[in-house]
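Here is data25.txt, consisting of compact mmCIF, C-alpha atoms and all ligand atoms:
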```txt
# COMPACT_ATOMS: atom_id res chain seq x y z
CA MET A 1 -45.88 48.10 11.16
CA HIS A 2 -47.81 45.33 9.31
CA PRO A 3 -50.84 43.79 11.17
CA ASP A 4 -48.95 40.48 11.56
CA GLY A 5 -46.22 42.33 13.48
CA THR A 6 -43.63 42.54 10.70
CA ASP A 7 -42.02 45.87 9.97
CA SER A 8 -43.18 46.72 6.43
CA ALA A 9 -40.59 49.50 6.08
CA GLY A 10 -37.90 46.96 6.97
CA THR A 11 -39.29 44.50 4.42
CA GLU A 12 -39.37 47.22 1.77
CA ALA A 13 -35.80 48.23 2.55
CA PHE A 14 -34.68 44.59 2.37
CA GLY A 15 -36.52 44.24 -0.94
CA GLY A 16 -34.46 47.16 -2.21
CA ARG A 17 -31.28 45.46 -1.05
CA LEU A 18 -32.27 42.23 -2.84
CA LEU A 19 -32.98 44.19 -6.02
CA GLU A 20 -29.47 45.66 -5.72
CA LEU A 21 -28.05 42.15 -5.37
CA LEU A 22 -29.91 40.80 -8.41
CA THR A 23 -28.84 43.85 -10.40
CA GLY A 24 -25.24 43.46 -9.26
CA HIS A 25 -25.20 39.82 -10.30
CA ALA A 26 -26.60 40.57 -13.76
CA LEU A 27 -24.28 43.55 -14.28
CA THR A 28 -21.28 41.46 -13.16
CA MET A 29 -22.04 39.06 -16.01
CA LEU A 30 -22.16 42.03 -18.40
CA ILE A 31 -18.91 43.43 -16.96
CA SER A 32 -17.34 40.09 -17.83
CA ILE A 33 -18.66 40.44 -21.39
CA GLY A 34 -17.33 44.01 -21.58
CA TYR A 35 -13.91 42.85 -20.40
CA ARG A 36 -13.68 39.88 -22.75
CA THR A 37 -15.02 41.61 -25.86
CA GLY A 38 -12.89 44.73 -25.41
CA LEU A 39 -15.94 47.00 -25.06
CA PHE A 40 -14.59 48.80 -22.00
CA GLU A 41 -11.29 49.45 -23.77
CA ALA A 42 -13.20 50.72 -26.82
CA THR A 43 -15.37 53.02 -24.68
CA ALA A 44 -12.32 54.33 -22.81
CA LEU A 45 -10.92 55.68 -26.10
CA GLY A 46 -13.44 58.54 -25.92
CA PRO A 47 -17.16 59.40 -26.19
CA ALA A 48 -18.83 57.62 -29.10
CA THR A 49 -22.20 56.42 -30.40
CA SER A 50 -23.16 52.76 -30.23
CA VAL A 51 -22.42 52.44 -33.96
CA GLU A 52 -18.94 53.87 -33.47
CA LEU A 53 -18.29 51.73 -30.41
CA ALA A 54 -19.42 48.56 -32.19
CA ALA A 55 -17.08 49.42 -35.06
CA ARG A 56 -14.19 50.15 -32.66
CA ALA A 57 -14.61 46.79 -30.95
CA GLY A 58 -15.59 44.87 -34.12
CA LEU A 59 -18.94 43.78 -32.64
CA ASP A 60 -22.64 43.64 -33.53
CA GLU A 61 -24.21 47.08 -32.90
CA ARG A 62 -27.57 45.85 -31.59
CA TYR A 63 -25.92 43.76 -28.86
CA VAL A 64 -23.52 46.57 -28.06
CA ARG A 65 -26.44 49.03 -27.70
CA GLU A 66 -28.28 46.76 -25.25
CA TRP A 67 -25.09 46.26 -23.25
CA LEU A 68 -24.55 50.02 -23.19
CA ALA A 69 -28.11 50.59 -21.96
CA ALA A 70 -27.54 48.24 -19.02
CA MET A 71 -24.18 49.89 -18.28
CA VAL A 72 -25.77 53.36 -18.34
CA ALA A 73 -28.72 52.34 -16.16
CA GLY A 74 -26.22 50.68 -13.82
CA ARG A 75 -24.26 53.96 -13.53
CA ILE A 76 -21.11 52.42 -14.98
CA ILE A 77 -21.06 54.30 -18.30
CA THR A 78 -22.58 57.76 -18.89
CA TYR A 79 -24.93 58.69 -21.76
CA HIS A 80 -25.38 62.03 -23.53
CA PRO A 81 -28.77 61.69 -25.28
CA ASP A 82 -28.48 64.79 -27.48
CA ALA A 83 -25.28 63.61 -29.11
CA GLY A 84 -26.09 59.90 -28.70
CA TRP A 85 -22.69 59.48 -27.03
CA TYR A 86 -21.63 56.98 -24.44
CA ALA A 87 -18.58 57.62 -22.27
CA LEU A 88 -16.58 55.79 -19.61
CA PRO A 89 -15.88 58.28 -16.79
CA ALA A 90 -12.15 58.77 -16.22
CA GLU A 91 -12.53 57.75 -12.56
CA HIS A 92 -14.15 54.43 -13.60
CA ALA A 93 -11.55 53.55 -16.25
CA PRO A 94 -8.79 52.15 -13.94
CA LEU A 95 -11.32 49.72 -12.45
CA LEU A 96 -12.57 48.40 -15.79
CA THR A 97 -9.69 48.72 -18.26
CA GLY A 98 -5.98 48.05 -18.52
CA THR A 99 -3.73 45.33 -17.19
CA ARG A 100 -3.40 46.54 -13.60
CA ALA A 101 -4.75 44.60 -10.62
CA SER A 102 -7.42 47.28 -10.09
CA ASN A 103 -9.28 46.07 -13.24
CA ILE A 104 -12.12 43.87 -11.93
CA GLY A 105 -12.63 42.18 -15.31
CA PRO A 106 -10.69 39.01 -14.35
CA ALA A 107 -12.62 38.75 -11.05
CA ALA A 108 -15.89 38.94 -12.99
CA GLY A 109 -14.52 36.12 -15.16
CA THR A 110 -13.82 34.01 -12.07
CA LEU A 111 -17.42 34.39 -10.92
CA ARG A 112 -18.55 33.31 -14.37
CA THR A 113 -16.44 30.14 -14.05
CA LEU A 114 -17.89 29.47 -10.60
CA ALA A 115 -21.45 29.88 -11.92
CA ALA A 116 -20.79 27.09 -14.43
CA VAL A 117 -20.07 24.57 -11.66
CA LEU A 118 -23.06 25.53 -9.47
CA PRO A 119 -24.91 22.24 -10.12
CA SER A 120 -21.91 20.26 -8.84
CA VAL A 121 -21.67 22.41 -5.71
CA GLU A 122 -25.41 22.05 -5.10
CA ARG A 123 -25.00 18.29 -5.31
CA CYS A 124 -22.46 18.52 -2.45
CA PHE A 125 -25.11 20.11 -0.21
CA ALA A 126 -27.17 16.95 -0.53
CA GLU A 127 -24.41 14.34 -0.76
CA GLY A 128 -21.37 15.87 0.95
CA GLY A 129 -18.00 15.32 -0.71
CA GLY A 130 -16.63 17.90 -3.10
CA VAL A 131 -15.84 18.97 -6.66
CA GLU A 132 -12.55 18.08 -8.34
CA PHE A 133 -10.26 21.01 -9.16
CA ALA A 134 -10.10 19.58 -12.71
CA GLU A 135 -13.80 20.43 -13.20
CA PHE A 136 -13.11 24.11 -12.43
CA ALA A 137 -9.98 24.00 -14.59
CA SER A 138 -11.85 22.60 -17.58
CA VAL A 139 -14.47 25.38 -17.39
CA ALA A 140 -11.89 28.14 -16.82
CA GLY A 141 -9.51 26.97 -19.58
CA ALA A 142 -6.81 29.57 -20.22
CA ASP A 143 -8.53 31.89 -17.69
CA LEU A 144 -7.38 29.65 -14.84
CA GLY A 145 -5.42 31.83 -12.42
CA ALA A 146 -6.09 34.98 -14.48
CA GLN A 147 -7.41 36.95 -11.53
CA TRP A 148 -4.14 36.66 -9.61
CA ARG A 149 -1.69 37.36 -12.44
CA PRO A 150 -1.94 41.18 -12.36
CA ILE A 151 -1.89 41.07 -8.55
CA TYR A 152 1.47 39.27 -8.65
CA ASP A 153 2.78 41.59 -11.39
CA GLU A 154 2.09 44.54 -9.12
CA HIS A 155 2.59 43.27 -5.60
CA LEU A 156 4.65 40.07 -5.51
CA VAL A 157 8.24 41.23 -5.23
CA ASP A 158 8.05 44.58 -3.44
CA GLY A 159 4.72 43.92 -1.71
CA PHE A 160 4.34 40.31 -0.51
CA LEU A 161 8.02 39.30 -0.48
CA GLY A 162 9.30 42.76 0.42
CA ALA A 163 7.14 42.76 3.57
CA VAL A 164 9.13 39.83 4.99
CA PRO A 165 12.24 41.08 6.85
CA GLY A 166 15.45 39.96 5.12
CA LEU A 167 13.73 37.84 2.46
CA LEU A 168 14.67 39.89 -0.61
CA ASP A 169 18.37 39.77 0.37
CA ARG A 170 18.15 36.02 0.89
CA LEU A 171 16.57 35.53 -2.55
CA ARG A 172 19.09 37.85 -4.22
CA THR A 173 22.01 35.95 -2.67
CA GLY A 174 20.66 32.57 -3.78
CA ALA A 175 18.18 30.28 -2.05
CA ARG A 176 16.39 27.03 -2.76
CA VAL A 177 12.71 27.96 -2.94
CA LEU A 178 9.48 25.97 -3.18
CA ASP A 179 6.15 27.54 -4.16
CA LEU A 180 3.56 25.08 -2.84
CA GLY A 181 0.23 24.99 -4.71
CA CYS A 182 1.77 27.13 -7.45
CA GLY A 183 -1.25 26.70 -9.74
CA THR A 184 -0.64 28.23 -13.16
CA GLY A 185 2.78 29.33 -11.96
CA HIS A 186 2.81 33.06 -12.57
CA ALA A 187 4.16 33.88 -9.09
CA VAL A 188 6.99 31.35 -9.25
CA ASN A 189 7.90 32.34 -12.83
CA LEU A 190 8.06 35.98 -11.73
CA MET A 191 10.21 35.10 -8.70
CA ALA A 192 12.56 33.07 -10.89
CA ARG A 193 13.06 36.03 -13.22
CA ALA A 194 13.49 38.51 -10.35
CA PHE A 195 16.01 36.35 -8.45
CA PRO A 196 18.28 34.57 -10.94
CA ALA A 197 20.70 33.38 -8.21
CA SER A 198 17.92 31.32 -6.56
CA GLN A 199 16.50 27.96 -7.66
CA PHE A 200 12.71 27.53 -7.70
CA VAL A 201 10.34 24.58 -7.67
CA GLY A 202 6.62 25.07 -8.36
CA LEU A 203 4.59 22.21 -6.88
CA ASP A 204 0.95 21.45 -7.57
CA ASN A 205 -1.27 18.38 -7.93
CA SER A 206 -3.18 19.81 -10.92
CA ALA A 207 -1.75 18.73 -14.27
CA ASP A 208 -3.98 21.33 -16.00
CA ALA A 209 -2.50 24.16 -13.94
CA LEU A 210 1.10 22.96 -14.36
CA ARG A 211 0.70 22.71 -18.15
CA LEU A 212 -0.21 26.43 -18.20
CA ALA A 213 2.66 27.17 -15.79
CA GLU A 214 5.20 25.47 -18.05
CA GLU A 215 3.72 27.16 -21.14
CA GLU A 216 4.15 30.52 -19.44
CA ARG A 217 7.75 29.67 -18.49
CA THR A 218 8.76 28.60 -21.99
CA GLY A 219 6.87 31.53 -23.55
CA SER A 220 8.66 34.15 -21.41
CA MET A 221 11.51 36.26 -22.74
CA PRO A 222 14.02 35.48 -21.42
CA GLU A 223 12.86 32.00 -20.49
CA PRO A 224 13.70 31.42 -16.78
CA GLU A 225 15.94 28.35 -16.46
CA ASN A 226 15.95 28.36 -12.65
CA VAL A 227 12.41 27.03 -12.18
CA GLU A 228 10.94 23.56 -12.55
CA PHE A 229 7.43 22.30 -11.98
CA GLN A 230 6.54 19.15 -10.05
CA LEU A 231 3.22 17.32 -10.19
CA THR A 232 3.05 16.20 -6.55
CA ASP A 233 0.46 16.05 -3.80
CA ALA A 234 1.57 18.56 -1.15
CA ALA A 235 0.68 16.00 1.51
CA GLU A 236 3.57 13.94 0.14
CA LEU A 237 6.15 16.73 0.10
CA PRO A 238 9.47 15.05 0.95
CA ALA A 239 11.70 16.49 3.68
CA HIS A 240 14.82 16.04 1.53
CA PRO A 241 16.43 17.87 -0.08
CA PRO A 242 15.23 20.75 2.15
CA TYR A 243 14.35 24.29 1.09
CA ASP A 244 15.54 27.65 2.42
CA VAL A 245 12.23 29.30 1.62
CA ILE A 246 8.74 27.89 1.02
CA THR A 247 5.90 30.10 -0.20
CA ALA A 248 2.17 29.29 -0.47
CA PHE A 249 -0.06 31.87 -2.09
CA ASP A 250 -3.76 31.31 -1.40
CA ALA A 251 -3.14 27.57 -1.42
CA VAL A 252 -3.08 26.16 2.13
CA HIS A 253 -6.80 26.52 2.83
CA ASP A 254 -7.51 24.56 -0.39
CA GLN A 255 -5.69 21.47 0.92
CA ARG A 256 -7.50 18.22 1.66
CA SER A 257 -5.13 17.64 4.61
CA PRO A 258 -3.99 21.12 5.62
CA GLY A 259 -2.58 20.11 9.03
CA LEU A 260 -0.45 17.39 7.45
CA VAL A 261 0.69 19.71 4.65
CA LEU A 262 1.80 22.36 7.17
CA ARG A 263 3.84 19.72 9.02
CA ARG A 264 5.40 18.59 5.73
CA ILE A 265 6.28 22.22 4.97
CA HIS A 266 7.89 22.63 8.38
CA ASP A 267 9.90 19.44 7.94
CA ALA A 268 11.02 20.40 4.42
CA LEU A 269 12.73 23.61 5.60
CA VAL A 270 16.37 23.95 6.62
CA PRO A 271 16.92 25.20 10.20
CA GLY A 272 16.39 28.95 9.99
CA GLY A 273 14.34 28.47 6.81
CA VAL A 274 11.24 30.55 6.34
CA PHE A 275 7.68 29.73 5.31
CA VAL A 276 5.73 32.62 3.79
CA MET A 277 2.01 31.97 3.59
CA VAL A 278 -0.23 34.53 1.93
CA ASP A 279 -3.83 33.78 2.84
CA GLY A 280 -7.08 35.54 3.75
CA ASN A 281 -6.97 38.49 6.12
CA PHE A 282 -10.02 37.60 8.18
CA SER A 283 -10.89 36.55 11.68
CA SER A 284 -11.77 32.90 12.33
CA ARG A 285 -14.90 34.27 14.06
CA LEU A 286 -17.79 35.11 11.71
CA GLU A 287 -19.05 37.87 14.00
CA ARG A 288 -15.71 39.70 13.77
CA ASN A 289 -15.84 39.77 9.96
CA LEU A 290 -19.20 41.45 9.57
CA ASP A 291 -17.78 44.96 9.10
CA ASN A 292 -15.18 43.71 6.61
CA PRO A 293 -16.36 44.72 3.12
CA HIS A 294 -14.56 41.71 1.59
CA ALA A 295 -16.12 39.12 3.90
CA ALA A 296 -19.36 38.21 2.09
CA LEU A 297 -17.61 37.81 -1.26
CA SER A 298 -14.85 35.71 0.30
CA TYR A 299 -17.25 33.42 2.14
CA ALA A 300 -19.23 33.02 -1.10
CA VAL A 301 -16.20 32.25 -3.28
CA SER A 302 -15.02 29.90 -0.55
CA LEU A 303 -18.30 28.01 -0.72
CA LEU A 304 -18.27 27.85 -4.52
CA PHE A 305 -14.60 26.87 -4.94
CA CYS A 306 -12.30 26.47 -1.92
CA LEU A 307 -14.56 24.31 0.21
CA PRO A 308 -15.67 21.85 -2.53
CA THR A 309 -12.17 21.44 -4.03
CA SER A 310 -10.67 20.78 -0.60
CA ARG A 311 -13.26 18.06 0.04
CA ALA A 312 -13.08 16.51 -3.43
CA ASP A 313 -11.88 13.11 -2.31
CA GLY A 314 -15.39 12.50 -1.03
CA ALA A 315 -14.30 11.80 2.53
CA ASP A 316 -16.49 13.83 4.87
CA GLY A 317 -14.36 15.77 7.28
CA ALA A 318 -11.40 15.97 4.89
CA GLY A 319 -10.17 19.47 4.09
CA GLY A 320 -12.95 22.00 4.29
CA LEU A 321 -11.09 24.86 5.98
CA GLY A 322 -12.63 27.39 3.60
CA ALA A 323 -10.97 30.60 2.45
CA VAL A 324 -12.06 32.48 5.59
CA TRP A 325 -10.41 30.07 8.05
CA GLY A 326 -8.96 33.18 9.63
CA ARG A 327 -5.80 34.43 11.31
CA GLU A 328 -6.50 32.78 14.68
CA LEU A 329 -6.97 29.25 13.32
CA ALA A 330 -4.11 29.69 10.83
CA THR A 331 -1.73 30.73 13.62
CA GLU A 332 -2.88 27.81 15.78
CA MET A 333 -2.33 25.31 12.94
CA LEU A 334 1.06 26.75 12.00
CA THR A 335 2.14 26.46 15.63
CA ALA A 336 0.83 22.89 15.81
CA ALA A 337 2.89 22.09 12.70
CA GLY A 338 6.05 22.97 14.62
CA PHE A 339 6.59 26.66 13.88
CA LEU A 340 7.46 28.34 17.18
CA ASP A 341 7.73 31.79 15.63
CA VAL A 342 4.63 32.81 13.64
CA ARG A 343 4.27 36.49 12.73
CA THR A 344 1.76 38.30 10.57
CA TYR A 345 2.44 41.30 8.36
CA PRO A 346 0.00 43.54 6.50
CA SER A 347 -0.13 42.88 2.77
CA PRO A 348 -0.48 45.38 -0.05
CA ARG A 349 -4.05 44.03 -0.49
CA PRO A 350 -6.40 44.35 2.48
CA GLN A 351 -7.92 40.93 1.62
CA SER A 352 -4.61 39.12 2.21
CA CYS A 353 -2.46 38.56 5.28
CA ILE A 354 1.21 37.55 5.17
CA PHE A 355 2.10 34.84 7.70
CA VAL A 356 5.84 34.43 8.23
CA CYS A 357 7.05 31.34 10.07
CA THR A 358 10.66 30.58 10.83
CA HIS A 359 11.99 27.05 11.33
CA ALA A 360 13.67 27.12 14.72
CA GLY A 361 16.02 24.27 13.83
C1 LIG B 1 -6.41 29.03 -5.30
S1 LIG B 1 -5.19 28.11 -6.15
C2 LIG B 1 -3.77 29.17 -5.95
C3 LIG B 1 -2.76 28.95 -7.04
C4 LIG B 1 -1.54 29.87 -7.02
N1 LIG B 1 -0.78 29.78 -5.78
C5 LIG B 1 -1.97 31.29 -7.28
O1 LIG B 1 -1.97 32.09 -6.36
O2 LIG B 1 -2.33 31.58 -8.41
C6 LIG B 1 -4.81 26.76 -5.06
C7 LIG B 1 -3.85 25.75 -5.68
O3 LIG B 1 -3.58 24.73 -4.73
C8 LIG B 1 -3.45 23.53 -5.44
N2 LIG B 1 -3.62 22.38 -4.55
C9 LIG B 1 -4.72 22.04 -3.85
N3 LIG B 1 -4.53 20.90 -3.18
C10 LIG B 1 -3.25 20.50 -3.45
C11 LIG B 1 -2.46 19.38 -3.06
N4 LIG B 1 -2.94 18.44 -2.23
N5 LIG B 1 -1.22 19.30 -3.54
C12 LIG B 1 -0.71 20.25 -4.35
N6 LIG B 1 -1.42 21.32 -4.76
C13 LIG B 1 -2.67 21.45 -4.32
C14 LIG B 1 -4.53 23.62 -6.49
O4 LIG B 1 -4.32 22.71 -7.56
C15 LIG B 1 -4.41 25.07 -6.91
O5 LIG B 1 -3.54 25.23 -8.00
```
Mind converting the file's structure to structure tokens?
Amino acid sequence: MHPDGTDSAGTEAFGGRLLELLTGHALTMLISIGYRTGLFEATALGPATSVELAARAGLDERYVREWLAAMVAGRIITYHPDAGWYALPAEHAPLLTGTRASNIGPAAGTLRTLAAVLPSVERCFAEGGGVEFAEFASVAGADLGAQWRPIYDEHLVDGFLGAVPGLLDRLRTGARVLDLGCGTGHAVNLMARAFPASQFVGLDNSADALRLAEEERTGSMPEPENVEFQLTDAAELPAHPPYDVITAFDAVHDQRSPGLVLRRIHDALVPGGVFVMVDGNFSSRLERNLDNPHAALSYAVSLLFCLPTSRADGADGAGGLGAVWGRELATEMLTAAGFLDVRTYPSPRPQSCIFVCTHAG
């Protein structure tokens, strides 16, 4: 115990934790570099010296060697000093290479985008208001939505949609489907290809995102003809013509007027229609999230992106649900929007919850 009454062992332990955090932040930036430059892929090809790895990836050896040193000290890559070899352990490779959702490279890229808009978010602390989605989009460029693409490739059809009783049959038979807040459109393009008898609309109010969505559609082989994109504010979603199915992936908590948007969704469904909302799998109560290993990251990303974009019209009190609005509040708001039957289903990702709401008619 320190003479002033503080527990010096506790302070020392907390200092260690802070050092871990600073190290994690710096290494996350380097993981993003490794992902974007192809260094992880080059290292995964087999043990090699820094000269060989630089040649494999077509990069400058001195920078590669410093990156490798940080990766080795950070216990991400191993080093064999006698041979001068660096190696990516086989058990690390699925988390740092390849196109599967387990590769954290795109998530590291998202954090890099968020870091670039920190000054704008800091301004909101002093002035309130928010940050326009377009500011994030201009920093992210073609990386916009990149983190979710492999997740949809792996989990959309059998995972998220397959978890909803009867939905796959309905989509196979032919349904009119809206994906609200479709962003860069990967999910709706995938659905359109998987269910050719259904007609899809991808709706978003970001022209940047919809440009990428349309580019993906026209660049796909075969090009799906059963999907169109609409630049519309979800708060102005018309009730006619109605939809059989409406989906919203990670989009409702980003709304400026989420209560109104949920009512519009309810009113835009046919009787018996279904709304599938994939959103965060958290409690609305902070104290119930403390043992959830995804909570701190989700609250942080919420603060750096979801909260400021949802308050971007500058009106205090608008939007601002945050990504961790939680199952309890979500269920309450869905019920208030008119859905009498709100059920939740586990998703293939522990971070996400599938809310399924049926229009009673
Ligand atoms: C986190 S992104 C999710 C995008 C997409 N569903 C996905 O999973 O990749 C949230 C999306 O909601 C859109 N959005 C936010 N407010 C909106 C509004 N009022 N009307 C339409 N779209 C909106 C944003 O432009 C953004 O594309």
Distance in Å - atom CA of Tyr299 of chain A versus atom CA of Leu30 of chain A: 22.8 Å
May I have the residues within 9 Å of ligand LIG 1 (chain B), computed using all atoms listed in the file, as an mmCIF file with C-alpha atoms, in the frame of the given file?
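Heads up, here's the output in pocket-v3.cif:
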```cif
data_model
loop_
_atom_site.group_PDB
_atom_site.id
_atom_site.type_symbol
_atom_site.label_atom_id
_atom_site.label_comp_id
_atom_site.auth_asym_id
_atom_site.auth_seq_id
_atom_site.Cartn_x
_atom_site.Cartn_y
_atom_site.Cartn_z
ATOM 1 C CA PHE A 133 -10.260 21.010 -9.160
ATOM 2 C CA ALA A 134 -10.100 19.580 -12.710
ATOM 3 C CA LEU A 144 -7.380 29.650 -14.840
ATOM 4 C CA GLY A 145 -5.420 31.830 -12.420
ATOM 5 C CA ALA A 146 -6.090 34.980 -14.480
ATOM 6 C CA GLN A 147 -7.410 36.950 -11.530
ATOM 7 C CA TRP A 148 -4.140 36.660 -9.610
ATOM 8 C CA ARG A 149 -1.690 37.360 -12.440
ATOM 9 C CA TYR A 152 1.470 39.270 -8.650
ATOM 10 C CA ASP A 179 6.150 27.540 -4.160
ATOM 11 C CA LEU A 180 3.560 25.080 -2.840
ATOM 12 C CA GLY A 181 0.230 24.990 -4.710
ATOM 13 C CA CYS A 182 1.770 27.130 -7.450
ATOM 14 C CA GLY A 183 -1.250 26.700 -9.740
ATOM 15 C CA THR A 184 -0.640 28.230 -13.160
ATOM 16 C CA GLY A 185 2.780 29.330 -11.960
ATOM 17 C CA HIS A 186 2.810 33.060 -12.570
ATOM 18 C CA ALA A 187 4.160 33.880 -9.090
ATOM 19 C CA VAL A 188 6.990 31.350 -9.250
ATOM 20 C CA LEU A 203 4.590 22.210 -6.880
ATOM 21 C CA ASP A 204 0.950 21.450 -7.570
ATOM 22 C CA ASN A 205 -1.270 18.380 -7.930
ATOM 23 C CA SER A 206 -3.180 19.810 -10.920
ATOM 24 C CA ALA A 207 -1.750 18.730 -14.270
ATOM 25 C CA ASP A 208 -3.980 21.330 -16.000
ATOM 26 C CA ALA A 209 -2.500 24.160 -13.940
ATOM 27 C CA LEU A 210 1.100 22.960 -14.360
ATOM 28 C CA LEU A 231 3.220 17.320 -10.190
ATOM 29 C CA THR A 232 3.050 16.200 -6.550
ATOM 30 C CA ASP A 233 0.460 16.050 -3.800
ATOM 31 C CA ALA A 234 1.570 18.560 -1.150
ATOM 32 C CA ALA A 235 0.680 16.000 1.510
ATOM 33 C CA GLU A 236 3.570 13.940 0.140
ATOM 34 C CA LEU A 237 6.150 16.730 0.100
ATOM 35 C CA THR A 247 5.900 30.100 -0.200
ATOM 36 C CA ALA A 248 2.170 29.290 -0.470
ATOM 37 C CA PHE A 249 -0.060 31.870 -2.090
ATOM 38 C CA ASP A 250 -3.760 31.310 -1.400
ATOM 39 C CA ALA A 251 -3.140 27.570 -1.420
ATOM 40 C CA VAL A 252 -3.080 26.160 2.130
ATOM 41 C CA HIS A 253 -6.800 26.520 2.830
ATOM 42 C CA ASP A 254 -7.510 24.560 -0.390
ATOM 43 C CA GLN A 255 -5.690 21.470 0.920
ATOM 44 C CA ARG A 256 -7.500 18.220 1.660
ATOM 45 C CA SER A 257 -5.130 17.640 4.610
ATOM 46 C CA PRO A 258 -3.990 21.120 5.620
ATOM 47 C CA VAL A 261 0.690 19.710 4.650
ATOM 48 C CA VAL A 278 -0.230 34.530 1.930
ATOM 49 C CA PHE A 305 -14.600 26.870 -4.940
ATOM 50 C CA CYS A 306 -12.300 26.470 -1.920
ATOM 51 C CA THR A 309 -12.170 21.440 -4.030
ATOM 52 C CA SER A 310 -10.670 20.780 -0.600
#
```
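Interatomic distance, atom CA of Leu68 of chain A to atom CA of Thr99 of chain A: 22.2 Å.
Distance-wise, atom CA of Arg100 of chain A and atom CA of Gly202 of chain A end up 24.3 Å apart.
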What's the 12 Å shell around Pro293 of chain A, counting only C-alpha atoms, without same-chain residues fewer than 6 positions away, as a PyMOL selection string? chain A and resi 281-282+299+350-351
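Minimum atom-to-atom distance to Leu340 of chain A, evaluated using all atoms listed in the file, belongs to A:Ala360 out of A:Ile76, A:Ala55, A:Ala360, A:Ala83.
Here the question is which of A:Val227, A:Val131, A:Ala192, A:Leu19 gets nearest to Leu114 of chain A using only C-alpha atoms, and that residue is A:Val131.
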Using all atoms listed in the file, pick whichever of A:Leu118, A:Ala54, A:Ala44, A:Leu290 has the shortest atom-to-atom distance to Ala90 of chain A. A:Ala44
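The nearest approach to Thr37 of chain A among the residues A:Ser347, A:Thr97, A:Ser138, A:Thr23, with all atoms listed in the file taken into account, belongs to A:Thr97.
With only C-alpha atoms as the atoms that count, the minimum distance from Tyr243 of chain A to the choices A:Gly34, A:Gly272, A:Pro119, A:Pro150 is reached by A:Gly272.
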So which residues are close to (2.2, 22.9, 12.4), meaning at most 7 Å away in the file's coordinates with all atoms listed in the file counted, and can you show them as an MDAnalysis selection string? chainID A and resid 259 262:263 266 333:339
Could you work out an axis-aligned box for segment 119-127 of chain A, taking every atom the file lists and adding 4 Å on each side, and report centre and edge lengths in Å to one decimal, as JSON?
```
{"center_x": -24.4, "center_y": 18.4, "center_z": -5.2, "size_x": 13.5, "size_y": 16.1, "size_z": 17.9}
```
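Proximity ranking of A:Pro224, A:Pro106, A:Gly219, A:Pro94 relative to Pro196 of chain A places A:Pro224 first, based on all atoms listed in the file.
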